[in-house]
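Novice: Sharing my_file.pdb (PDB, C-alpha atoms, pLDDT in the B column) below.
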ATOM      1  CA  CYS A 874       0.000   0.000   0.000  1.00 56.00           C
ATOM      2  CA  ASP A 875       3.030   2.303  -0.053  1.00 66.00           C
ATOM      3  CA  ASN A 876       2.549   3.019  -3.759  1.00 78.00           C
ATOM      4  CA  VAL A 877      -0.974   4.448  -3.550  1.00 80.00           C
ATOM      5  CA  ASP A 878      -2.556   7.578  -2.127  1.00 81.00           C
ATOM      6  CA  LEU A 879      -4.976   5.612   0.004  1.00 86.00           C
ATOM      7  CA  SER A 880      -5.548   1.918   0.724  1.00 89.00           C
ATOM      8  CA  LEU A 881      -8.407   0.190   2.532  1.00 92.00           C
ATOM      9  CA  GLY A 882      -8.422  -3.139   4.328  1.00 93.00           C
ATOM     10  CA  PHE A 883      -9.548  -5.294   7.252  1.00 94.00           C
ATOM     11  CA  ALA A 884      -6.417  -5.097   9.370  1.00 91.00           C
ATOM     12  CA  ARG A 885      -5.943  -2.671  12.226  1.00 90.00           C
ATOM     13  CA  LYS A 886      -2.716  -0.806  11.548  1.00 87.00           C
ATOM     14  CA  GLU A 887      -1.385   2.700  11.758  1.00 85.00           C
ATOM     15  CA  LYS A 888      -0.241   3.999   8.383  1.00 86.00           C
ATOM     16  CA  GLU A 889      -0.716   7.485   6.993  1.00 84.00           C
ATOM     17  CA  ASN A 890      -2.256   6.291   3.733  1.00 85.00           C
ATOM     18  CA  TYR A 891      -4.319   3.432   5.178  1.00 90.00           C
ATOM     19  CA  LEU A 892      -7.839   3.184   6.559  1.00 92.00           C
ATOM     20  CA  ARG A 893      -9.505   0.169   8.102  1.00 94.00           C
ATOM     21  CA  PHE A 894     -12.675  -0.329   6.086  1.00 94.00           C
ATOM     22  CA  PRO A 895     -13.991  -3.901   6.558  1.00 94.00           C
ATOM     23  CA  LEU A 896     -16.528  -5.415   4.191  1.00 93.00           C
ATOM     24  CA  TRP A 897     -19.384  -5.440   6.713  1.00 96.00           C
ATOM     25  CA  ILE A 898     -19.630  -1.661   6.289  1.00 95.00           C
ATOM     26  CA  THR A 899     -21.458  -2.351   3.011  1.00 92.00           C
ATOM     27  CA  ASN A 900     -24.478  -3.220   5.170  1.00 94.00           C
ATOM     28  CA  PHE A 901     -24.814   0.541   5.633  1.00 95.00           C
ATOM     29  CA  SER A 902     -25.304   2.930   2.746  1.00 93.00           C
ATOM     30  CA  PRO A 903     -22.298   5.210   2.065  1.00 89.00           C
ATOM     31  CA  GLU A 904     -24.790   8.018   1.534  1.00 90.00           C
ATOM     32  CA  SER A 905     -26.202   7.603   5.049  1.00 91.00           C
ATOM     33  CA  SER A 906     -26.029  10.432   7.536  1.00 94.00           C
ATOM     34  CA  TYR A 907     -25.242   9.783  11.181  1.00 96.00           C
ATOM     35  CA  ASP A 908     -28.983   9.916  11.904  1.00 97.00           C
ATOM     36  CA  ASP A 909     -29.668   7.365   9.168  1.00 97.00           C
ATOM     37  CA  ILE A 910     -27.151   4.957  10.663  1.00 97.00           C
ATOM     38  CA  LYS A 911     -28.508   5.469  14.171  1.00 97.00           C
ATOM     39  CA  LYS A 912     -32.053   4.767  12.987  1.00 96.00           C
ATOM     40  CA  GLN A 913     -30.886   1.575  11.283  1.00 95.00           C
ATOM     41  CA  ILE A 914     -29.050   0.442  14.428  1.00 96.00           C
ATOM     42  CA  ASP A 915     -31.993   1.320  16.686  1.00 95.00           C
ATOM     43  CA  ARG A 916     -34.381  -0.558  14.395  1.00 93.00           C
ATOM     44  CA  ILE A 917     -32.269  -3.702  14.550  1.00 93.00           C
ATOM     45  CA  ASN A 918     -31.825  -3.485  18.323  1.00 93.00           C
ATOM     46  CA  ALA A 919     -35.569  -3.029  18.852  1.00 88.00           C
ATOM     47  CA  ARG A 920     -36.602  -5.828  16.499  1.00 78.00           C
ATOM     48  CA  GLN A 921     -39.392  -8.216  17.395  1.00 68.00           C
ATOM     49  CA  THR A 922     -38.721 -11.904  16.979  1.00 68.00           C
ATOM     50  CA  ASN A 923     -40.998 -14.623  15.694  1.00 67.00           C
ATOM     51  CA  VAL A 924     -40.857 -17.986  17.464  1.00 66.00           C
ATOM     52  CA  GLU A 925     -42.369 -19.538  14.346  1.00 80.00           C
ATOM     53  CA  ARG A 926     -38.932 -19.278  12.748  1.00 86.00           C
ATOM     54  CA  THR A 927     -37.650 -22.747  11.856  1.00 89.00           C
ATOM     55  CA  GLY A 928     -34.497 -24.168  10.377  1.00 93.00           C
ATOM     56  CA  THR A 929     -30.867 -23.215  10.059  1.00 97.00           C
ATOM     57  CA  ALA A 930     -29.519 -21.463   6.979  1.00 98.00           C
ATOM     58  CA  LEU A 931     -26.094 -21.992   5.483  1.00 98.00           C
ATOM     59  CA  ILE A 932     -25.536 -19.872   2.387  1.00 98.00           C
ATOM     60  CA  ALA A 933     -22.151 -20.266   0.730  1.00 97.00           C
ATOM     61  CA  SER A 934     -20.670 -20.599  -2.726  1.00 96.00           C
ATOM     62  CA  HIS A 935     -17.629 -22.633  -1.602  1.00 96.00           C
ATOM     63  CA  ASP A 936     -15.844 -24.161   1.364  1.00 96.00           C
ATOM     64  CA  GLN A 937     -12.242 -23.802   0.307  1.00 94.00           C
ATOM     65  CA  PHE A 938     -10.873 -23.816   3.850  1.00 93.00           C
ATOM     66  CA  GLY A 939     -13.293 -26.286   5.427  1.00 94.00           C
ATOM     67  CA  THR A 940     -14.827 -23.794   7.853  1.00 94.00           C
ATOM     68  CA  ARG A 941     -18.395 -24.561   6.795  1.00 97.00           C
ATOM     69  CA  SER A 942     -18.149 -28.338   6.614  1.00 96.00           C
ATOM     70  CA  ASN A 943     -16.586 -28.302  10.084  1.00 95.00           C
ATOM     71  CA  ILE A 944     -19.847 -26.902  11.449  1.00 97.00           C
ATOM     72  CA  TYR A 945     -22.265 -28.576   9.042  1.00 98.00           C
ATOM     73  CA  ASP A 946     -20.983 -32.091   9.682  1.00 97.00           C
ATOM     74  CA  LYS A 947     -21.527 -31.733  13.435  1.00 97.00           C
ATOM     75  CA  LEU A 948     -24.979 -30.123  13.219  1.00 97.00           C
ATOM     76  CA  LYS A 949     -26.666 -31.786  10.248  1.00 96.00           C
ATOM     77  CA  ASP A 950     -27.987 -34.701  12.325  1.00 95.00           C
ATOM     78  CA  VAL A 951     -29.293 -32.619  15.241  1.00 94.00           C
ATOM     79  CA  ILE A 952     -30.971 -29.637  13.527  1.00 96.00           C
ATOM     80  CA  ASN A 953     -32.398 -28.959  10.085  1.00 95.00           C
ATOM     81  CA  VAL A 954     -29.592 -27.285   8.094  1.00 98.00           C
ATOM     82  CA  GLN A 955     -30.684 -25.788   4.778  1.00 97.00           C
ATOM     83  CA  CYS A 956     -27.769 -25.191   2.430  1.00 98.00           C
ATOM     84  CA  ALA A 957     -29.253 -22.618   0.078  1.00 98.00           C
ATOM     85  CA  GLY A 958     -26.117 -21.539  -1.783  1.00 97.00           C
ATOM     86  CA  LYS A 959     -24.012 -23.321  -4.378  1.00 96.00           C
ATOM     87  CA  TRP A 960     -22.013 -25.217  -1.770  1.00 98.00           C
ATOM     88  CA  ASN A 961     -23.651 -28.469  -0.620  1.00 97.00           C
ATOM     89  CA  ASN A 962     -27.002 -27.225  -1.924  1.00 97.00           C
ATOM     90  CA  ASN A 963     -30.047 -29.079  -0.603  1.00 97.00           C
ATOM     91  CA  THR A 964     -32.809 -26.501  -1.127  1.00 97.00           C
ATOM     92  CA  ASP A 965     -33.948 -24.102  -3.849  1.00 97.00           C
ATOM     93  CA  ASP A 966     -36.069 -21.966  -1.499  1.00 96.00           C
ATOM     94  CA  LEU A 967     -33.710 -18.986  -1.511  1.00 97.00           C
ATOM     95  CA  ARG A 968     -33.786 -18.786  -5.279  1.00 96.00           C
ATOM     96  CA  ILE A 969     -37.368 -19.789  -5.992  1.00 97.00           C
ATOM     97  CA  LYS A 970     -39.386 -18.558  -2.985  1.00 96.00           C
ATOM     98  CA  TYR A 971     -37.316 -15.506  -2.088  1.00 96.00           C
ATOM     99  CA  ASN A 972     -35.819 -14.480  -5.440  1.00 97.00           C
ATOM    100  CA  ASN A 973     -32.316 -14.687  -3.919  1.00 96.00           C
ATOM    101  CA  ASN A 974     -33.219 -12.106  -1.264  1.00 97.00           C
ATOM    102  CA  LYS A 975     -30.957 -13.230   1.552  1.00 97.00           C
ATOM    103  CA  PHE A 976     -32.524 -11.036   4.219  1.00 94.00           C
ATOM    104  CA  MET A 977     -36.060 -12.236   3.545  1.00 94.00           C
ATOM    105  CA  TYR A 978     -34.838 -15.822   3.603  1.00 96.00           C
ATOM    106  CA  LEU A 979     -32.934 -15.416   6.876  1.00 96.00           C
ATOM    107  CA  GLN A 980     -35.947 -13.814   8.533  1.00 92.00           C
ATOM    108  CA  LYS A 981     -37.658 -17.221   8.401  1.00 93.00           C
ATOM    109  CA  MET A 982     -34.769 -19.018  10.129  1.00 95.00           C
ATOM    110  CA  ARG A 983     -33.682 -19.511  13.727  1.00 95.00           C
ATOM    111  CA  PHE A 984     -29.960 -19.804  13.005  1.00 97.00           C
ATOM    112  CA  ASN A 985     -27.473 -18.827  10.339  1.00 98.00           C
ATOM    113  CA  ILE A 986     -24.224 -20.765  10.056  1.00 98.00           C
ATOM    114  CA  CYS A 987     -21.954 -17.945   8.904  1.00 98.00           C
ATOM    115  CA  PRO A 988     -18.236 -18.532   9.562  1.00 98.00           C
ATOM    116  CA  GLU A 989     -15.620 -16.440   7.850  1.00 97.00           C
ATOM    117  CA  ASN A 990     -13.492 -18.059   5.155  1.00 94.00           C
ATOM    118  CA  VAL A 991     -10.457 -17.637   7.398  1.00 92.00           C
ATOM    119  CA  ASP A 992     -10.032 -16.816  11.079  1.00 94.00           C
ATOM    120  CA  ALA A 993      -7.927 -13.672  11.368  1.00 93.00           C
ATOM    121  CA  SER A 994      -8.028 -10.712  13.723  1.00 92.00           C
ATOM    122  CA  GLY A 995     -10.022  -7.848  12.233  1.00 94.00           C
ATOM    123  CA  TYR A 996     -11.295  -9.936   9.310  1.00 96.00           C
ATOM    124  CA  VAL A 997     -15.066  -9.484   9.535  1.00 97.00           C
ATOM    125  CA  THR A 998     -17.135  -9.591   6.362  1.00 96.00           C
ATOM    126  CA  GLU A 999     -20.830  -9.015   5.715  1.00 96.00           C
ATOM    127  CA  LYS A1000     -21.776 -12.528   6.904  1.00 97.00           C
ATOM    128  CA  LEU A1001     -22.130 -11.758  10.610  1.00 97.00           C
ATOM    129  CA  PHE A1002     -23.879  -8.435   9.997  1.00 97.00           C
ATOM    130  CA  ASP A1003     -26.344 -10.021   7.547  1.00 97.00           C
ATOM    131  CA  ALA A1004     -27.360 -12.433  10.286  1.00 96.00           C
ATOM    132  CA  LEU A1005     -27.624  -9.810  13.019  1.00 95.00           C
ATOM    133  CA  GLY A1006     -29.566  -7.460  10.761  1.00 93.00           C
ATOM    134  CA  SER A1007     -32.132 -10.101   9.878  1.00 93.00           C
ATOM    135  CA  GLY A1008     -32.817 -11.160  13.467  1.00 92.00           C
ATOM    136  CA  VAL A1009     -31.393 -14.661  13.127  1.00 94.00           C
ATOM    137  CA  ILE A1010     -28.922 -16.138  15.635  1.00 96.00           C
ATOM    138  CA  PRO A1011     -25.470 -16.345  14.033  1.00 98.00           C
ATOM    139  CA  ILE A1012     -23.376 -19.474  14.499  1.00 98.00           C
ATOM    140  CA  TYR A1013     -20.049 -17.812  13.852  1.00 98.00           C
ATOM    141  CA  GLN A1014     -16.377 -18.611  13.663  1.00 97.00           C
ATOM    142  CA  GLY A1015     -13.816 -15.965  12.805  1.00 97.00           C
ATOM    143  CA  ALA A1016     -12.042 -12.751  13.838  1.00 96.00           C
ATOM    144  CA  GLY A1017     -10.241 -14.599  16.625  1.00 94.00           C
ATOM    145  CA  GLY A1018     -13.569 -15.071  18.397  1.00 96.00           C
ATOM    146  CA  SER A1019     -13.886 -11.319  18.969  1.00 96.00           C
ATOM    147  CA  PRO A1020     -15.631  -9.658  16.008  1.00 98.00           C
ATOM    148  CA  GLU A1021     -15.924  -5.859  16.299  1.00 97.00           C
ATOM    149  CA  LEU A1022     -15.902  -5.712  20.102  1.00 97.00           C
ATOM    150  CA  ASP A1023     -16.679  -1.985  20.153  1.00 96.00           C
ATOM    151  CA  ILE A1024     -19.785  -2.408  18.007  1.00 97.00           C
ATOM    152  CA  VAL A1025     -21.287  -5.882  18.393  1.00 98.00           C
ATOM    153  CA  ASN A1026     -22.733  -7.512  21.522  1.00 97.00           C
ATOM    154  CA  GLN A1027     -20.746 -10.742  21.746  1.00 97.00           C
ATOM    155  CA  ASP A1028     -23.535 -12.338  23.810  1.00 97.00           C
ATOM    156  CA  ALA A1029     -25.822 -12.165  20.767  1.00 96.00           C
ATOM    157  CA  ILE A1030     -23.579 -14.602  18.883  1.00 98.00           C
ATOM    158  CA  ILE A1031     -23.026 -18.365  19.192  1.00 98.00           C
ATOM    159  CA  PHE A1032     -19.295 -18.881  18.739  1.00 98.00           C
ATOM    160  CA  TRP A1033     -17.963 -22.042  17.110  1.00 98.00           C
ATOM    161  CA  GLN A1034     -14.446 -23.291  17.832  1.00 95.00           C
ATOM    162  CA  PHE A1035     -12.695 -24.910  14.866  1.00 90.00           C
ATOM    163  CA  ASP A1036     -10.432 -27.177  16.954  1.00 89.00           C
ATOM    164  CA  SER A1037     -13.027 -28.326  19.508  1.00 93.00           C
ATOM    165  CA  ASP A1038     -15.810 -30.870  19.810  1.00 95.00           C
ATOM    166  CA  ASN A1039     -18.139 -27.908  20.551  1.00 97.00           C
ATOM    167  CA  LYS A1040     -20.225 -30.155  22.800  1.00 97.00           C
ATOM    168  CA  ASP A1041     -21.612 -27.331  24.944  1.00 97.00           C
ATOM    169  CA  THR A1042     -22.269 -25.196  21.877  1.00 98.00           C
ATOM    170  CA  ILE A1043     -24.204 -27.983  20.179  1.00 98.00           C
ATOM    171  CA  GLU A1044     -26.277 -28.529  23.312  1.00 98.00           C
ATOM    172  CA  LEU A1045     -27.074 -24.810  23.444  1.00 98.00           C
ATOM    173  CA  ILE A1046     -28.125 -24.788  19.790  1.00 98.00           C
ATOM    174  CA  MET A1047     -30.382 -27.802  20.327  1.00 97.00           C
ATOM    175  CA  GLU A1048     -31.982 -26.175  23.368  1.00 97.00           C
ATOM    176  CA  LEU A1049     -32.544 -22.867  21.565  1.00 96.00           C
ATOM    177  CA  ASN A1050     -34.052 -24.795  18.675  1.00 95.00           C
ATOM    178  CA  SER A1051     -36.572 -26.636  20.841  1.00 94.00           C
ATOM    179  CA  ASN A1052     -37.341 -24.069  23.555  1.00 94.00           C
ATOM    180  CA  ASP A1053     -39.306 -21.069  22.255  1.00 92.00           C
ATOM    181  CA  ASP A1054     -38.922 -19.051  25.454  1.00 92.00           C
ATOM    182  CA  LEU A1055     -35.160 -19.513  25.532  1.00 94.00           C
ATOM    183  CA  PHE A1056     -34.898 -18.708  21.831  1.00 93.00           C
ATOM    184  CA  GLU A1057     -36.908 -15.512  22.276  1.00 91.00           C
ATOM    185  CA  GLU A1058     -34.791 -14.443  25.257  1.00 92.00           C
ATOM    186  CA  PHE A1059     -31.579 -14.988  23.297  1.00 94.00           C
ATOM    187  CA  VAL A1060     -32.618 -13.339  20.056  1.00 91.00           C
ATOM    188  CA  MET A1061     -34.115 -10.267  21.730  1.00 90.00           C
ATOM    189  CA  LYS A1062     -30.758  -9.117  23.089  1.00 91.00           C
ATOM    190  CA  PRO A1063     -29.587  -5.783  21.638  1.00 93.00           C
ATOM    191  CA  VAL A1064     -26.939  -6.694  19.085  1.00 95.00           C
ATOM    192  CA  PHE A1065     -25.232  -3.320  18.690  1.00 97.00           C
ATOM    193  CA  SER A1066     -23.585  -1.162  21.352  1.00 97.00           C
ATOM    194  CA  LYS A1067     -24.707   2.374  22.134  1.00 96.00           C
ATOM    195  CA  ASP A1068     -21.511   3.646  20.497  1.00 97.00           C
ATOM    196  CA  ALA A1069     -22.077   1.706  17.258  1.00 97.00           C
ATOM    197  CA  PRO A1070     -23.708   4.554  15.261  1.00 97.00           C
ATOM    198  CA  GLU A1071     -20.849   6.959  16.011  1.00 97.00           C
ATOM    199  CA  ILE A1072     -18.167   4.375  15.223  1.00 97.00           C
ATOM    200  CA  ILE A1073     -19.773   3.307  11.956  1.00 97.00           C
ATOM    201  CA  TRP A1074     -20.328   6.911  10.924  1.00 96.00           C
ATOM    202  CA  SER A1075     -16.664   7.652  11.640  1.00 95.00           C
ATOM    203  CA  TYR A1076     -15.582   5.036   9.067  1.00 95.00           C
ATOM    204  CA  PHE A1077     -17.494   6.803   6.306  1.00 94.00           C
ATOM    205  CA  ASN A1078     -16.510  10.272   7.506  1.00 93.00           C
ATOM    206  CA  SER A1079     -12.819   9.362   7.684  1.00 92.00           C
ATOM    207  CA  LEU A1080     -12.896   7.970   4.150  1.00 91.00           C
ATOM    208  CA  GLN A1081     -14.666  11.053   2.839  1.00 89.00           C
ATOM    209  CA  CYS A1082     -12.154  13.375   4.506  1.00 88.00           C
ATOM    210  CA  ARG A1083      -9.203  11.411   3.152  1.00 84.00           C
ATOM    211  CA  LEU A1084     -10.582  11.452  -0.385  1.00 83.00           C
ATOM    212  CA  LYS A1085     -11.237  15.187  -0.242  1.00 81.00           C
ATOM    213  CA  ALA A1086      -7.708  15.770   1.063  1.00 77.00           C
ATOM    214  CA  TRP A1087      -6.335  13.997  -2.006  1.00 69.00           C
ATOM    215  CA  GLY A1088      -8.540  16.045  -4.292  1.00 68.00           C
ATOM    216  CA  TYR A1089     -11.166  13.408  -4.989  1.00 64.00           C
ATOM    217  CA  GLN A1090     -14.779  14.584  -4.895  1.00 60.00           C
TER     218      GLN A1090
END
When written as structure tokens, how does the structure in this file appear?
Specialist:
Amino acid sequence: CDNVDLSLGFARKEKENYLRFPLWITNFSPESSYDDIKKQIDRINARQTNVERTGTALIASHDQFGTRSNIYDKLKDVINVQCAGKWNNNTDDLRIKYNNNKFMYLQKMRFNICPENVDASGYVTEKLFDALGSGVIPIYQGAGGSPELDIVNQDAIIFWQFDSDNKDTIELIMELNSNDDLFEEFVMKPVFSKDAPEIIWSYFNSLQCRLKAWGYQ
């Protein structure tokens, strides 16, 4: 990144011509004002759940690093896992019933298996935020087990450990799947911190200021 005016990435590092700008930010419009972002955050935090949700979604085009099969193989016999993407596809509902609208599809589910492709500090894509924004419980592995600590309520996520039998995690998932009251209690937790709107807004504002400083409008 030393040969460019400005570079963007996932990593947290201090360089004059670098800004951290992870992919999950695309869940918010770049044209949003601070108030727009706050309204979006408040709407998600105040969401109402539906205990009629059933099933577990896994939407992926590949499993190059084995992160998805690691979870799928351990859960497929204890809960209903619907693989709606290209990888391991076993349902056409996403495409046929929901016209490939991921958010509408996830809103019918209890869980979303959504690990990152690789587990690296700071590497958080849209996967986790898609789940949180649609009111589904994410079953997540990535970001060193600490995705966006200043923004996301870690208690609203079920964390999967790649090198573990995940016995307690599987038991929790089974209980949440069968117990409506417990599911409702879990999914109704606020998922974003009170500082989230300001932090998210600062990403966009910092990028805008940098671009203007370099003469880009």
Novice: How far is it from CA of Ile1010 (chain A) to CA of Asp915 (chain A), in Å with one decimal?
Specialist: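 Computing it gives 17.8 Å between the two atoms.
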Novice: I'd like to know which of A:Gln1014, A:Asn890, A:Asn918, A:Thr1042 is closest to Val1064 (chain A), using only C-alpha atoms.
Specialist: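 Closest residue, counting only C-alpha atoms: A:Asn918.
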Novice: Take the point (-23.9, -26.2, 21.2) in the file's coordinates, draw a sphere of radius 10 Å around it, and report as a PyMOL selection string every protein, DNA or RNA residue with an atom inside or on it, counting all atoms listed in the file.
Specialist: chain A and resi 947-948+1012+1031-1033+1038-1049
Novice: Please save C-alpha atoms of the selected residues as a PDB file, keeping the file's coordinate frame.
Specialist:
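Written output follows (result.pdb):
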ATOM      1  CA  LYS A 947     -21.527 -31.733  13.435  1.00 97.00           C
ATOM      2  CA  LEU A 948     -24.979 -30.123  13.219  1.00 97.00           C
ATOM      3  CA  ILE A1012     -23.376 -19.474  14.499  1.00 98.00           C
ATOM      4  CA  ILE A1031     -23.026 -18.365  19.192  1.00 98.00           C
ATOM      5  CA  PHE A1032     -19.295 -18.881  18.739  1.00 98.00           C
ATOM      6  CA  TRP A1033     -17.963 -22.042  17.110  1.00 98.00           C
ATOM      7  CA  ASP A1038     -15.810 -30.870  19.810  1.00 95.00           C
ATOM      8  CA  ASN A1039     -18.139 -27.908  20.551  1.00 97.00           C
ATOM      9  CA  LYS A1040     -20.225 -30.155  22.800  1.00 97.00           C
ATOM     10  CA  ASP A1041     -21.612 -27.331  24.944  1.00 97.00           C
ATOM     11  CA  THR A1042     -22.269 -25.196  21.877  1.00 98.00           C
ATOM     12  CA  ILE A1043     -24.204 -27.983  20.179  1.00 98.00           C
ATOM     13  CA  GLU A1044     -26.277 -28.529  23.312  1.00 98.00           C
ATOM     14  CA  LEU A1045     -27.074 -24.810  23.444  1.00 98.00           C
ATOM     15  CA  ILE A1046     -28.125 -24.788  19.790  1.00 98.00           C
ATOM     16  CA  MET A1047     -30.382 -27.802  20.327  1.00 97.00           C
ATOM     17  CA  GLU A1048     -31.982 -26.175  23.368  1.00 97.00           C
ATOM     18  CA  LEU A1049     -32.544 -22.867  21.565  1.00 96.00           C
TER      19      LEU A1049
END
Novice: So that all listed atoms of region 998-1005 of chain A fit with 5 Å spare on each side, what axis-aligned box centre and edge lengths in Å, to one decimal, would you give as AutoDock Vina command-line options?
Specialist:
--center_x -22.4 --center_y -10.5 --center_z 9.4 --size_x 20.5 --size_y 14.1 --size_z 17.3
Novice: Which residues of region 954-1067 of chain A come within 6 Å of region 926-943 of chain A, and what is each one's closest atom pair and distance in Å (one decimal), counting only C-alpha atoms, sorted by chain and residue number, as CSV?
Specialist:
residue,atom,partner,partner_atom,distance
A:Val954,CA,A:Thr929,CA,4.7
A:Gln955,CA,A:Ala930,CA,5.0
A:Cys956,CA,A:Leu931,CA,4.7
A:Ala957,CA,A:Ile932,CA,5.2
A:Gly958,CA,A:Ile932,CA,4.5
A:Lys959,CA,A:Ser934,CA,4.6
A:Trp960,CA,A:Ser934,CA,4.9
A:Lys981,CA,A:Arg926,CA,5.0
A:Met982,CA,A:Arg926,CA,4.9
A:Arg983,CA,A:Arg926,CA,5.3
A:Phe984,CA,A:Thr929,CA,4.6
A:Asn985,CA,A:Ala930,CA,4.7
A:Ile986,CA,A:Leu931,CA,5.1
Novice: May I ask which of the residues A:Gly1006, A:Glu989, A:Leu1080, A:Met977 is the closest one to Gln913 (chain A), counting all atoms listed in the file?
Specialist: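 Using all atoms listed in the file, the shortest distance to Gln913 (chain A) belongs to A:Gly1006.
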Novice: Which residue out of A:Thr998, A:Arg1083, A:Tyr978, A:Tyr907 has the minimum interatomic distance to Thr964 (chain A) when only C-alpha atoms are used?
Specialist: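 Answer, going by the shortest atom-to-atom distance: A:Tyr978.
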Novice: My list of candidates is A:Ile914, A:Leu1001, A:Leu967, A:Leu896. Which is closest to Phe1065 (chain A) when distances are computed with all atoms listed in the file?
Specialist: A:Ile914
